[in-house]
Amino acid sequence: MTSFENFSVRKDIADGARMECGICWIVYDPAEGDEATQIAAGTPFAGLPENWRCRKLRCAQIEVHGD
Ligand SMILES: [Zn+2]
């Protein structure tokens with residue numbers, strides 16, 4: 001299942017879920033973190049800073065992949 005989410009509901013996202021930006025298709029994989037925004041590997045999406053945005057265009061809109 002894929003659903004369109006935003007940061008206000010990110011606590012509902014599973015720790016291992018990969019996130020894909022709904023605008024520019026950048027993927028955030030918790031297993032890899034995000035070097036561009038200094039996110040350590042193993043950081044779940046729910047653990048990202050409040051002001052985190054996708055690293056390409058800094059979009060606030062993302063898609064959830066997985067359960
Ligand atoms: Zn984006």
# chains A, B, ... in the order shown; residues from 1 in each chain; ligands from 1
$ select_by_dssp --residues "range 20-57 of chain A" --states "strand (DSSP E)" --output "list in words"
Glu20, Cys21, Val27 and Tyr28 of chain A
$ closest_atom_pairs --of "chain A" --to "ligand 1" --cutoff "6 Å" --atoms "only C-alpha atoms and all ligand atoms" --output "tab-separated table"
residue	atom	partner	partner_atom_place_in_ligand_line	distance
A:Cys21	CA	ligand 1	1 (Zn)	4.7
A:Ile23	CA	ligand 1	1 (Zn)	4.9
A:Cys24	CA	ligand 1	1 (Zn)	4.2
A:Ile26	CA	ligand 1	1 (Zn)	5.9
A:Cys54	CA	ligand 1	1 (Zn)	4.8
A:Lys56	CA	ligand 1	1 (Zn)	5.6
A:Leu57	CA	ligand 1	1 (Zn)	4.8
A:Arg58	CA	ligand 1	1 (Zn)	5.6
A:Cys59	CA	ligand 1	1 (Zn)	4.2
$ write_last_selection --atoms "N, CA and C atoms" --output "PDB file, in the first residue's frame"
ATOM      1  N   CYS A  21       9.577  11.069  -1.606  1.00  0.00           N
ATOM      2  CA  CYS A  21       9.006  12.388  -1.805  1.00  0.00           C
ATOM      3  C   CYS A  21       7.968  12.339  -2.929  1.00  0.00           C
ATOM      4  N   ILE A  23       6.890  14.672  -4.646  1.00  0.00           N
ATOM      5  CA  ILE A  23       7.099  15.731  -5.636  1.00  0.00           C
ATOM      6  C   ILE A  23       8.311  15.445  -6.512  1.00  0.00           C
ATOM      7  N   CYS A  24       9.458  15.150  -5.890  1.00  0.00           N
ATOM      8  CA  CYS A  24      10.669  14.946  -6.685  1.00  0.00           C
ATOM      9  C   CYS A  24      11.203  13.521  -6.594  1.00  0.00           C
ATOM     10  N   ILE A  26      12.651  11.711  -4.375  1.00  0.00           N
ATOM     11  CA  ILE A  26      13.765  11.352  -3.511  1.00  0.00           C
ATOM     12  C   ILE A  26      13.277  10.328  -2.487  1.00  0.00           C
ATOM     13  N   CYS A  54      12.725  16.783   2.248  1.00  0.00           N
ATOM     14  CA  CYS A  54      13.503  15.976   1.309  1.00  0.00           C
ATOM     15  C   CYS A  54      14.725  16.760   0.852  1.00  0.00           C
ATOM     16  N   LYS A  56      16.370  17.014  -1.854  1.00  0.00           N
ATOM     17  CA  LYS A  56      16.528  17.561  -3.210  1.00  0.00           C
ATOM     18  C   LYS A  56      15.900  18.954  -3.323  1.00  0.00           C
ATOM     19  N   LEU A  57      14.621  19.024  -3.038  1.00  0.00           N
ATOM     20  CA  LEU A  57      13.901  20.293  -3.211  1.00  0.00           C
ATOM     21  C   LEU A  57      13.341  20.823  -1.896  1.00  0.00           C
ATOM     22  N   ARG A  58      13.647  20.136  -0.797  1.00  0.00           N
ATOM     23  CA  ARG A  58      13.139  20.511   0.517  1.00  0.00           C
ATOM     24  C   ARG A  58      11.607  20.531   0.547  1.00  0.00           C
ATOM     25  N   CYS A  59      11.030  19.537  -0.070  1.00  0.00           N
ATOM     26  CA  CYS A  59       9.574  19.406  -0.088  1.00  0.00           C
ATOM     27  C   CYS A  59       9.073  18.915   1.280  1.00  0.00           C
TER      28      CYS A  59
END
$ select_by_dssp --residues "range 1-62 of chain A" --states "helix (DSSP H, G or I)" --output "JSON, numbers by chain"
{"A": [7, 8, 9, 10, 11, 12, 35, 36, 37, 45, 46, 47]}
$ write_last_selection --atoms "C-alpha atoms" --output "short mmCIF file (atom, residue, chain, number, x, y, z; two decimals), in the first residue's frame"
data_model
loop_
_atom_site.label_atom_id
_atom_site.label_comp_id
_atom_site.auth_asym_id
_atom_site.auth_seq_id
_atom_site.Cartn_x
_atom_site.Cartn_y
_atom_site.Cartn_z
CA PHE A 7 4.74 15.49 8.78
CA SER A 8 1.74 15.93 11.05
CA VAL A 9 1.05 12.19 11.00
CA ARG A 10 4.58 10.81 10.87
CA LYS A 11 4.31 9.14 14.29
CA ASP A 12 2.09 6.56 12.62
CA GLU A 35 24.00 12.03 4.42
CA ALA A 36 22.95 15.25 2.70
CA THR A 37 20.98 16.39 5.74
CA PHE A 45 11.39 8.61 9.66
CA ALA A 46 9.62 9.40 12.94
CA GLY A 47 13.00 10.34 14.40
#
$ atom_distance --atom1 "CA of Met19 in chain A" --atom2 "CA of Gln38 in chain A"
16.5 Å
